[in-house]
file run15.cif (mmCIF, C-alpha atoms)
data_work
loop_
_atom_site.group_PDB
_atom_site.id
_atom_site.type_symbol
_atom_site.label_atom_id
_atom_site.label_comp_id
_atom_site.auth_asym_id
_atom_site.auth_seq_id
_atom_site.Cartn_x
_atom_site.Cartn_y
_atom_site.Cartn_z
ATOM 1 C CA MET K 1 -8.950 17.990 33.023
ATOM 2 C CA GLN K 2 -11.247 20.605 31.535
ATOM 3 C CA GLY K 3 -8.298 22.106 29.692
ATOM 4 C CA LEU K 4 -7.533 18.709 28.130
ATOM 5 C CA ILE K 5 -11.139 18.292 27.021
ATOM 6 C CA ASP K 6 -11.348 21.806 25.565
ATOM 7 C CA THR K 7 -8.068 21.314 23.709
ATOM 8 C CA PHE K 8 -8.409 17.802 22.271
ATOM 9 C CA PHE K 9 -12.099 16.910 22.613
ATOM 10 C CA ASN K 10 -13.862 20.192 21.910
ATOM 11 C CA LEU K 11 -17.297 19.024 20.770
ATOM 12 C CA ALA K 12 -18.177 22.294 19.051
ATOM 13 C CA VAL K 13 -15.026 22.127 16.921
ATOM 14 C CA MET K 14 -15.516 18.402 16.264
ATOM 15 C CA ARG K 15 -19.062 18.929 15.046
ATOM 16 C CA GLN K 16 -17.867 21.657 12.708
ATOM 17 C CA TYR K 17 -15.172 19.555 11.049
ATOM 18 C CA LEU K 18 -16.748 16.096 11.282
ATOM 19 C CA PRO K 19 -18.184 16.256 7.714
ATOM 20 C CA LYS K 20 -14.734 17.025 6.316
ATOM 21 C CA VAL K 21 -13.111 14.179 8.227
ATOM 22 C CA ILE K 22 -15.827 11.805 7.006
ATOM 23 C CA GLU K 23 -15.148 13.036 3.475
ATOM 24 C CA GLY K 24 -11.471 12.309 4.097
ATOM 25 C CA MET K 25 -12.343 8.782 5.224
ATOM 26 C CA GLY K 26 -13.968 8.170 1.855
ATOM 27 C CA VAL K 27 -10.851 9.350 0.019
ATOM 28 C CA THR K 28 -8.638 7.232 2.291
ATOM 29 C CA VAL K 29 -10.708 4.107 1.678
ATOM 30 C CA LEU K 30 -10.745 4.690 -2.094
ATOM 31 C CA LEU K 31 -6.986 5.278 -2.202
ATOM 32 C CA ALA K 32 -6.262 2.285 0.033
ATOM 33 C CA LEU K 33 -8.401 -0.065 -2.063
ATOM 34 C CA ALA K 34 -6.745 1.138 -5.269
ATOM 35 C CA VAL K 35 -3.240 0.779 -3.813
ATOM 36 C CA VAL K 36 -3.842 -2.674 -2.313
ATOM 37 C CA ALA K 37 -5.467 -4.051 -5.475
ATOM 38 C CA THR K 38 -2.787 -2.679 -7.799
ATOM 39 C CA GLY K 39 0.175 -3.415 -5.538
ATOM 40 C CA LEU K 40 -0.773 -7.004 -4.756
ATOM 41 C CA LEU K 41 -1.566 -7.775 -8.393
ATOM 42 C CA LEU K 42 1.689 -6.270 -9.669
ATOM 43 C CA GLY K 43 3.692 -8.034 -6.971
ATOM 44 C CA ALA K 44 2.134 -11.403 -7.801
ATOM 45 C CA VAL K 45 2.790 -10.921 -11.524
ATOM 46 C CA LEU K 46 6.442 -10.047 -10.884
ATOM 47 C CA ALA K 47 6.876 -13.112 -8.667
ATOM 48 C CA LEU K 48 5.391 -15.319 -11.380
ATOM 49 C CA LEU K 49 7.716 -13.781 -13.950
ATOM 50 C CA ARG K 50 10.668 -14.747 -11.767
ATOM 51 C CA THR K 51 9.636 -18.411 -12.040
ATOM 52 C CA LEU K 52 10.532 -18.250 -15.739
ATOM 53 C CA ARG K 53 14.201 -18.098 -14.674
ATOM 54 C CA PHE K 54 15.122 -15.527 -17.342
ATOM 55 C CA LYS K 55 18.209 -13.984 -15.732
ATOM 56 C CA PRO K 56 18.073 -10.434 -17.178
ATOM 57 C CA LEU K 57 14.402 -10.110 -16.247
ATOM 58 C CA ASN K 58 15.001 -11.577 -12.800
ATOM 59 C CA ALA K 59 17.817 -9.108 -12.217
ATOM 60 C CA LEU K 60 15.528 -6.184 -13.065
ATOM 61 C CA ILE K 61 12.809 -7.497 -10.748
ATOM 62 C CA ILE K 62 15.300 -7.931 -7.899
ATOM 63 C CA VAL K 63 16.599 -4.388 -8.383
ATOM 64 C CA PHE K 64 13.021 -3.050 -8.437
ATOM 65 C CA ALA K 65 12.124 -4.902 -5.230
ATOM 66 C CA ASP K 66 15.306 -3.854 -3.421
ATOM 67 C CA VAL K 67 15.002 -0.183 -4.382
ATOM 68 C CA PHE K 68 11.329 0.255 -3.537
ATOM 69 C CA ARG K 69 11.674 -1.637 -0.258
ATOM 70 C CA ALA K 70 14.688 0.423 0.777
ATOM 71 C CA VAL K 71 13.578 3.944 -0.181
ATOM 72 C CA PRO K 72 11.026 5.540 2.211
ATOM 73 C CA ALA K 73 7.548 5.795 0.722
ATOM 74 C CA LEU K 74 7.444 9.550 1.326
ATOM 75 C CA VAL K 75 10.565 10.045 -0.784
ATOM 76 C CA ILE K 76 8.996 8.071 -3.630
ATOM 77 C CA LEU K 77 5.822 10.167 -3.476
ATOM 78 C CA ILE K 78 7.830 13.392 -3.531
ATOM 79 C CA ILE K 79 9.843 12.212 -6.540
ATOM 80 C CA ILE K 80 6.699 11.295 -8.478
ATOM 81 C CA TYR K 81 4.732 14.437 -7.598
ATOM 82 C CA PHE K 82 7.438 17.104 -7.505
ATOM 83 C CA ALA K 83 10.407 15.783 -9.500
ATOM 84 C CA LEU K 84 8.784 14.111 -12.510
ATOM 85 C CA PRO K 85 7.029 17.328 -13.664
ATOM 86 C CA THR K 86 10.489 18.799 -14.298
ATOM 87 C CA VAL K 87 10.885 16.274 -17.120
ATOM 88 C CA GLY K 88 7.342 16.743 -18.403
ATOM 89 C CA VAL K 89 5.620 13.882 -16.556
ATOM 90 C CA ARG K 90 2.761 15.106 -14.372
ATOM 91 C CA PHE K 91 0.337 13.254 -12.126
ATOM 92 C CA SER K 92 -2.376 14.537 -9.824
ATOM 93 C CA GLY K 93 -1.833 14.193 -6.092
ATOM 94 C CA PHE K 94 -4.179 11.206 -5.898
ATOM 95 C CA ALA K 95 -2.566 9.486 -8.900
ATOM 96 C CA SER K 96 0.912 10.137 -7.504
ATOM 97 C CA ALA K 97 -0.020 8.597 -4.159
ATOM 98 C CA TRP K 98 -1.684 5.656 -5.891
ATOM 99 C CA LEU K 99 1.302 5.008 -8.139
ATOM 100 C CA GLY K 100 3.968 5.483 -5.473
ATOM 101 C CA LEU K 101 2.322 3.412 -2.753
ATOM 102 C CA SER K 102 1.370 0.706 -5.270
ATOM 103 C CA LEU K 103 5.004 0.354 -6.309
ATOM 104 C CA VAL K 104 6.107 0.101 -2.672
ATOM 105 C CA LEU K 105 3.496 -2.564 -1.919
ATOM 106 C CA ALA K 106 4.342 -4.426 -5.141
ATOM 107 C CA ALA K 107 7.999 -4.632 -4.115
ATOM 108 C CA PHE K 108 7.116 -6.234 -0.782
ATOM 109 C CA ALA K 109 4.373 -8.420 -2.285
ATOM 110 C CA GLU K 110 6.742 -9.746 -4.957
ATOM 111 C CA GLU K 111 9.228 -10.913 -2.346
ATOM 112 C CA ILE K 112 6.490 -12.456 -0.200
ATOM 113 C CA VAL K 113 4.882 -14.351 -3.090
ATOM 114 C CA TRP K 114 8.290 -15.435 -4.411
ATOM 115 C CA ALA K 115 9.213 -16.764 -0.973
ATOM 116 C CA GLY K 116 5.891 -18.606 -0.865
ATOM 117 C CA ILE K 117 6.572 -20.238 -4.215
ATOM 118 C CA LEU K 118 10.073 -21.272 -3.147
ATOM 119 C CA SER K 119 8.704 -22.762 0.073
ATOM 120 C CA VAL K 120 6.655 -25.346 -1.836
ATOM 121 C CA PRO K 121 8.694 -28.597 -1.702
ATOM 122 C CA ARG K 122 10.448 -29.546 -4.917
ATOM 123 C CA GLY K 123 8.697 -32.911 -4.772
ATOM 124 C CA GLN K 124 5.379 -31.167 -5.421
ATOM 125 C CA TRP K 125 6.758 -29.801 -8.699
ATOM 126 C CA GLU K 126 8.118 -33.182 -9.687
ATOM 127 C CA ALA K 127 4.896 -34.997 -8.820
ATOM 128 C CA ALA K 128 2.849 -32.494 -10.814
ATOM 129 C CA ARG K 129 5.081 -32.858 -13.865
ATOM 130 C CA ALA K 130 5.048 -36.658 -13.505
ATOM 131 C CA THR K 131 1.260 -36.666 -13.842
ATOM 132 C CA GLY K 132 1.557 -34.943 -17.224
ATOM 133 C CA LEU K 133 0.981 -31.334 -16.202
ATOM 134 C CA ASN K 134 2.987 -28.717 -18.062
ATOM 135 C CA PHE K 135 4.788 -25.885 -16.255
ATOM 136 C CA ARG K 136 1.818 -23.517 -16.354
ATOM 137 C CA GLN K 137 -0.648 -26.146 -15.172
ATOM 138 C CA ALA K 138 1.659 -27.278 -12.373
ATOM 139 C CA MET K 139 2.056 -23.701 -11.223
ATOM 140 C CA ARG K 140 -1.679 -22.918 -11.337
ATOM 141 C CA LEU K 141 -3.056 -26.177 -9.933
ATOM 142 C CA VAL K 142 -0.385 -27.385 -7.523
ATOM 143 C CA VAL K 143 2.181 -24.772 -6.555
ATOM 144 C CA LEU K 144 0.234 -21.507 -6.308
ATOM 145 C CA PRO K 145 -2.586 -22.876 -4.090
ATOM 146 C CA GLN K 146 0.005 -24.034 -1.571
ATOM 147 C CA ALA K 147 2.045 -20.838 -1.829
ATOM 148 C CA ALA K 148 -1.077 -18.672 -1.428
ATOM 149 C CA ARG K 149 -1.867 -20.233 1.936
ATOM 150 C CA LEU K 150 1.608 -19.314 3.193
ATOM 151 C CA THR K 151 1.488 -15.740 1.927
ATOM 152 C CA ILE K 152 -1.935 -14.647 3.219
ATOM 153 C CA ALA K 153 -0.713 -13.489 6.644
ATOM 154 C CA PRO K 154 2.353 -11.485 5.515
ATOM 155 C CA LEU K 155 0.460 -9.964 2.576
ATOM 156 C CA THR K 156 -2.333 -8.892 4.919
ATOM 157 C CA ASN K 157 0.198 -7.225 7.212
ATOM 158 C CA ARG K 158 1.774 -5.355 4.307
ATOM 159 C CA ALA K 159 -1.667 -4.248 3.084
ATOM 160 C CA ILE K 160 -2.410 -2.802 6.531
ATOM 161 C CA VAL K 161 0.938 -1.007 6.651
ATOM 162 C CA ILE K 162 0.483 0.519 3.199
ATOM 163 C CA THR K 163 -3.058 1.599 4.116
ATOM 164 C CA LYS K 164 -1.614 3.512 7.068
ATOM 165 C CA ASN K 165 0.867 5.079 4.661
ATOM 166 C CA THR K 166 -2.005 6.683 2.733
ATOM 167 C CA ALA K 167 -1.636 9.434 5.353
ATOM 168 C CA LEU K 168 1.498 10.446 3.437
ATOM 169 C CA ALA K 169 -0.782 11.576 0.611
ATOM 170 C CA SER K 170 -1.581 14.645 2.724
ATOM 171 C CA VAL K 171 1.836 15.978 1.638
ATOM 172 C CA LEU K 172 0.506 15.932 -1.950
ATOM 173 C CA ALA K 173 -2.668 17.846 -0.971
ATOM 174 C CA VAL K 174 -4.853 14.748 -1.313
ATOM 175 C CA GLY K 175 -7.962 15.289 0.804
ATOM 176 C CA GLU K 176 -7.692 12.139 2.906
ATOM 177 C CA ILE K 177 -8.194 11.901 6.673
ATOM 178 C CA LEU K 178 -4.954 13.494 7.844
ATOM 179 C CA TYR K 179 -5.177 16.328 5.313
ATOM 180 C CA GLN K 180 -8.717 17.220 6.399
ATOM 181 C CA ALA K 181 -7.800 16.925 10.087
ATOM 182 C CA GLN K 182 -4.770 19.175 9.647
ATOM 183 C CA ALA K 183 -6.836 21.702 7.700
ATOM 184 C CA GLY K 184 -9.392 21.755 10.510
ATOM 185 C CA TYR K 185 -6.621 22.280 13.043
ATOM 186 C CA SER K 186 -5.176 25.157 10.998
ATOM 187 C CA PHE K 187 -8.502 26.962 10.685
ATOM 188 C CA SER K 188 -9.785 26.370 14.235
ATOM 189 C CA TYR K 189 -6.477 26.717 16.097
ATOM 190 C CA ASN K 190 -7.642 23.701 18.068
ATOM 191 C CA PRO K 191 -6.263 20.127 17.725
ATOM 192 C CA SER K 192 -9.680 18.511 18.191
ATOM 193 C CA PRO K 193 -9.938 17.813 14.413
ATOM 194 C CA LEU K 194 -6.726 15.783 14.759
ATOM 195 C CA THR K 195 -8.443 13.751 17.466
ATOM 196 C CA LEU K 196 -11.287 13.166 15.012
ATOM 197 C CA GLY K 197 -8.734 11.986 12.461
ATOM 198 C CA ALA K 198 -7.227 9.548 14.936
ATOM 199 C CA ILE K 199 -10.682 8.170 15.710
ATOM 200 C CA ALA K 200 -11.387 7.812 11.974
ATOM 201 C CA TYR K 201 -8.197 5.784 11.474
ATOM 202 C CA LEU K 202 -9.058 3.653 14.512
ATOM 203 C CA ILE K 203 -12.497 2.896 13.090
ATOM 204 C CA LEU K 204 -11.040 1.951 9.694
ATOM 205 C CA PHE K 205 -8.436 -0.437 11.053
ATOM 206 C CA ILE K 206 -10.691 -2.092 13.590
#
call {"tool": "encode", "arguments": {"input": "run15.cif", "output": "structure tokens"}}
result
Amino acid sequence: MQGLIDTFFNLAVMRQYLPKVIEGMGVTVLLALAVVATGLLLGAVLALLRTLRFKPLNALIIVFADVFRAVPALVILIIIYFALPTVGVRFSGFASAWLGLSLVLAAFAEEIVWAGILSVPRGQWEAARATGLNFRQAMRLVVLPQAARLTIAPLTNRAIVITKNTALASVLAVGEILYQAQAGYSFSYNPSPLTLGAIAYLILFI
């Protein structure tokens, strides 16, 4: 038992690296907020664009959603951070993580919002238009409020999943929780900083 405590719950090591893990929590929260805000907004905009029924645009949106839902998020981050510089496009580690994870979340959010819009009964559209509302007014006042209620739960789940995926930013040398915990482990030769990282994630998600 003492060996387990000394290995994973070494208080001396934890005290030494606690400030860095707390610093990593701040970066994680900032990155997560940026990703969730950007991804949900972009996904909602794309879903609304699909309601215009412009076939070429819809085809592009469908391809975007299918690709970014199918390709692992880590692969997307690696392409943005390591591959794009070969063609002269460079982003910082934080910006790469923000962009990549936002695109992944947007792909899922677009499909969720689109499904929510389609789930509103056709009679609601017809009733709204019969009262004299134009397409935009019917969408804003009648359809979207009903669709939003149906999409809250799945969008929340996707936001939580993408927040967990901010740990992938450690591959890009972004100083979030996992990066700081791994650095502490490397310098101390003790996995207690990783335990601190796990506790930090637990606190965030609770």
call {"tool": "resolve_selection", "arguments": {"input": "run15.cif", "expression": "the PyMOL selection byres ((chain K and resi 53-65) around 12)", "output": "ChimeraX atom specification"}}
result
/K:42-52,66-71,103-112,114
call {"tool": "write_last_selection", "arguments": {"input": "run15.cif", "atoms": "C-alpha atoms", "output": "mmCIF file, in the coordinates of the input"}}
result
data_model
loop_
_atom_site.group_PDB
_atom_site.id
_atom_site.type_symbol
_atom_site.label_atom_id
_atom_site.label_comp_id
_atom_site.auth_asym_id
_atom_site.auth_seq_id
_atom_site.Cartn_x
_atom_site.Cartn_y
_atom_site.Cartn_z
ATOM 1 C CA LEU K 42 1.689 -6.270 -9.669
ATOM 2 C CA GLY K 43 3.692 -8.034 -6.971
ATOM 3 C CA ALA K 44 2.134 -11.403 -7.801
ATOM 4 C CA VAL K 45 2.790 -10.921 -11.524
ATOM 5 C CA LEU K 46 6.442 -10.047 -10.884
ATOM 6 C CA ALA K 47 6.876 -13.112 -8.667
ATOM 7 C CA LEU K 48 5.391 -15.319 -11.380
ATOM 8 C CA LEU K 49 7.716 -13.781 -13.950
ATOM 9 C CA ARG K 50 10.668 -14.747 -11.767
ATOM 10 C CA THR K 51 9.636 -18.411 -12.040
ATOM 11 C CA LEU K 52 10.532 -18.250 -15.739
ATOM 12 C CA ASP K 66 15.306 -3.854 -3.421
ATOM 13 C CA VAL K 67 15.002 -0.183 -4.382
ATOM 14 C CA PHE K 68 11.329 0.255 -3.537
ATOM 15 C CA ARG K 69 11.674 -1.637 -0.258
ATOM 16 C CA ALA K 70 14.688 0.423 0.777
ATOM 17 C CA VAL K 71 13.578 3.944 -0.181
ATOM 18 C CA LEU K 103 5.004 0.354 -6.309
ATOM 19 C CA VAL K 104 6.107 0.101 -2.672
ATOM 20 C CA LEU K 105 3.496 -2.564 -1.919
ATOM 21 C CA ALA K 106 4.342 -4.426 -5.141
ATOM 22 C CA ALA K 107 7.999 -4.632 -4.115
ATOM 23 C CA PHE K 108 7.116 -6.234 -0.782
ATOM 24 C CA ALA K 109 4.373 -8.420 -2.285
ATOM 25 C CA GLU K 110 6.742 -9.746 -4.957
ATOM 26 C CA GLU K 111 9.228 -10.913 -2.346
ATOM 27 C CA ILE K 112 6.490 -12.456 -0.200
ATOM 28 C CA TRP K 114 8.290 -15.435 -4.411
#
call {"tool": "resolve_selection", "arguments": {"input": "run15.cif", "expression": "the PyMOL selection byres ((chain K and resi 10) around 12)", "output": "list in words"}}
result
Gln2, Gly3, Leu4, Ile5, Asp6, Thr7, Phe8, Phe9, Leu11, Ala12, Val13, Met14, Arg15, Gln16, Tyr17, Leu18, Tyr185, Ser188, Tyr189, Asn190, Pro191, Ser192, Pro193, Leu194, Thr195 and Leu196 of chain K
call {"tool": "write_last_selection", "arguments": {"input": "run15.cif", "atoms": "C-alpha atoms", "output": "mmCIF file, in the frame of the given file"}}
result
data_model
loop_
_atom_site.group_PDB
_atom_site.id
_atom_site.type_symbol
_atom_site.label_atom_id
_atom_site.label_comp_id
_atom_site.auth_asym_id
_atom_site.auth_seq_id
_atom_site.Cartn_x
_atom_site.Cartn_y
_atom_site.Cartn_z
ATOM 1 C CA GLN K 2 -11.247 20.605 31.535
ATOM 2 C CA GLY K 3 -8.298 22.106 29.692
ATOM 3 C CA LEU K 4 -7.533 18.709 28.130
ATOM 4 C CA ILE K 5 -11.139 18.292 27.021
ATOM 5 C CA ASP K 6 -11.348 21.806 25.565
ATOM 6 C CA THR K 7 -8.068 21.314 23.709
ATOM 7 C CA PHE K 8 -8.409 17.802 22.271
ATOM 8 C CA PHE K 9 -12.099 16.910 22.613
ATOM 9 C CA LEU K 11 -17.297 19.024 20.770
ATOM 10 C CA ALA K 12 -18.177 22.294 19.051
ATOM 11 C CA VAL K 13 -15.026 22.127 16.921
ATOM 12 C CA MET K 14 -15.516 18.402 16.264
ATOM 13 C CA ARG K 15 -19.062 18.929 15.046
ATOM 14 C CA GLN K 16 -17.867 21.657 12.708
ATOM 15 C CA TYR K 17 -15.172 19.555 11.049
ATOM 16 C CA LEU K 18 -16.748 16.096 11.282
ATOM 17 C CA TYR K 185 -6.621 22.280 13.043
ATOM 18 C CA SER K 188 -9.785 26.370 14.235
ATOM 19 C CA TYR K 189 -6.477 26.717 16.097
ATOM 20 C CA ASN K 190 -7.642 23.701 18.068
ATOM 21 C CA PRO K 191 -6.263 20.127 17.725
ATOM 22 C CA SER K 192 -9.680 18.511 18.191
ATOM 23 C CA PRO K 193 -9.938 17.813 14.413
ATOM 24 C CA LEU K 194 -6.726 15.783 14.759
ATOM 25 C CA THR K 195 -8.443 13.751 17.466
ATOM 26 C CA LEU K 196 -11.287 13.166 15.012
#
call {"tool": "residues_around", "arguments": {"input": "run15.cif", "residues": "stretch 154-171 of chain K", "least_positions_apart": "5", "cutoff": "9 Å", "atoms": "only C-alpha atoms", "output": "number ranges by chain"}}
result
K: 28-29, 31-33, 35-36, 39-40, 73-74, 77-78, 93-94, 96-98, 101-102, 104-105, 108-109, 112-113, 176-180, 182, 201, 205
call {"tool": "atom_distance", "arguments": {"input": "run15.cif", "atom1": "atom CA of K:Leu150", "atom2": "atom CA of K:Leu30"}}
result
27.5 Å
call {"tool": "atom_distance", "arguments": {"input": "run15.cif", "atom1": "atom CA of K:Leu204", "atom2": "atom CA of K:Ala173"}}
result
20.9 Å
call {"tool": "build_atoms", "arguments": {"input": "run15.cif", "residues": "stretch 140-158 of chain K", "atoms": "N, CA and C atoms", "output": "mmCIF file, in the frame of the given file"}}
result
data_model
loop_
_atom_site.group_PDB
_atom_site.id
_atom_site.type_symbol
_atom_site.label_atom_id
_atom_site.label_comp_id
_atom_site.auth_asym_id
_atom_site.auth_seq_id
_atom_site.Cartn_x
_atom_site.Cartn_y
_atom_site.Cartn_z
ATOM 1 N N ARG K 140 -0.319 -23.372 -11.661
ATOM 2 C CA ARG K 140 -1.679 -22.918 -11.337
ATOM 3 C C ARG K 140 -2.423 -23.884 -10.430
ATOM 4 N N LEU K 141 -2.245 -25.192 -10.646
ATOM 5 C CA LEU K 141 -3.056 -26.177 -9.933
ATOM 6 C C LEU K 141 -2.398 -26.740 -8.672
ATOM 7 N N VAL K 142 -1.082 -26.728 -8.639
ATOM 8 C CA VAL K 142 -0.385 -27.385 -7.523
ATOM 9 C C VAL K 142 0.408 -26.404 -6.662
ATOM 10 N N VAL K 143 1.248 -25.606 -7.312
ATOM 11 C CA VAL K 143 2.181 -24.772 -6.555
ATOM 12 C C VAL K 143 1.512 -23.535 -5.958
ATOM 13 N N LEU K 144 0.814 -22.762 -6.793
ATOM 14 C CA LEU K 144 0.234 -21.507 -6.308
ATOM 15 C C LEU K 144 -0.778 -21.699 -5.177
ATOM 16 N N PRO K 145 -1.663 -22.705 -5.228
ATOM 17 C CA PRO K 145 -2.586 -22.876 -4.090
ATOM 18 C C PRO K 145 -1.856 -23.092 -2.765
ATOM 19 N N GLN K 146 -0.759 -23.820 -2.795
ATOM 20 C CA GLN K 146 0.005 -24.034 -1.571
ATOM 21 C C GLN K 146 0.757 -22.768 -1.159
ATOM 22 N N ALA K 147 1.313 -22.074 -2.135
ATOM 23 C CA ALA K 147 2.045 -20.838 -1.829
ATOM 24 C C ALA K 147 1.102 -19.765 -1.294
ATOM 25 N N ALA K 148 -0.118 -19.700 -1.845
ATOM 26 C CA ALA K 148 -1.077 -18.672 -1.428
ATOM 27 C C ALA K 148 -1.400 -18.801 0.053
ATOM 28 N N ARG K 149 -1.540 -20.016 0.524
ATOM 29 C CA ARG K 149 -1.867 -20.233 1.936
ATOM 30 C C ARG K 149 -0.771 -19.680 2.839
ATOM 31 N N LEU K 150 0.479 -19.780 2.390
ATOM 32 C CA LEU K 150 1.608 -19.314 3.193
ATOM 33 C C LEU K 150 1.791 -17.796 3.143
ATOM 34 N N THR K 151 1.247 -17.170 2.107
ATOM 35 C CA THR K 151 1.488 -15.740 1.927
ATOM 36 C C THR K 151 0.353 -14.863 2.436
ATOM 37 N N ILE K 152 -0.773 -15.450 2.816
ATOM 38 C CA ILE K 152 -1.935 -14.647 3.219
ATOM 39 C C ILE K 152 -1.599 -13.733 4.398
ATOM 40 N N ALA K 153 -1.003 -14.291 5.447
ATOM 41 C CA ALA K 153 -0.713 -13.489 6.644
ATOM 42 C C ALA K 153 0.267 -12.344 6.368
ATOM 43 N N PRO K 154 1.431 -12.611 5.764
ATOM 44 C CA PRO K 154 2.353 -11.485 5.515
ATOM 45 C C PRO K 154 1.811 -10.472 4.513
ATOM 46 N N LEU K 155 1.049 -10.914 3.524
ATOM 47 C CA LEU K 155 0.460 -9.964 2.576
ATOM 48 C C LEU K 155 -0.581 -9.086 3.257
ATOM 49 N N THR K 156 -1.343 -9.670 4.170
ATOM 50 C CA THR K 156 -2.333 -8.892 4.919
ATOM 51 C C THR K 156 -1.642 -7.827 5.759
ATOM 52 N N ASN K 157 -0.547 -8.196 6.408
ATOM 53 C CA ASN K 157 0.198 -7.225 7.212
ATOM 54 C C ASN K 157 0.722 -6.077 6.352
ATOM 55 N N ARG K 158 1.258 -6.409 5.185
ATOM 56 C CA ARG K 158 1.774 -5.355 4.307
ATOM 57 C C ARG K 158 0.650 -4.458 3.804
#
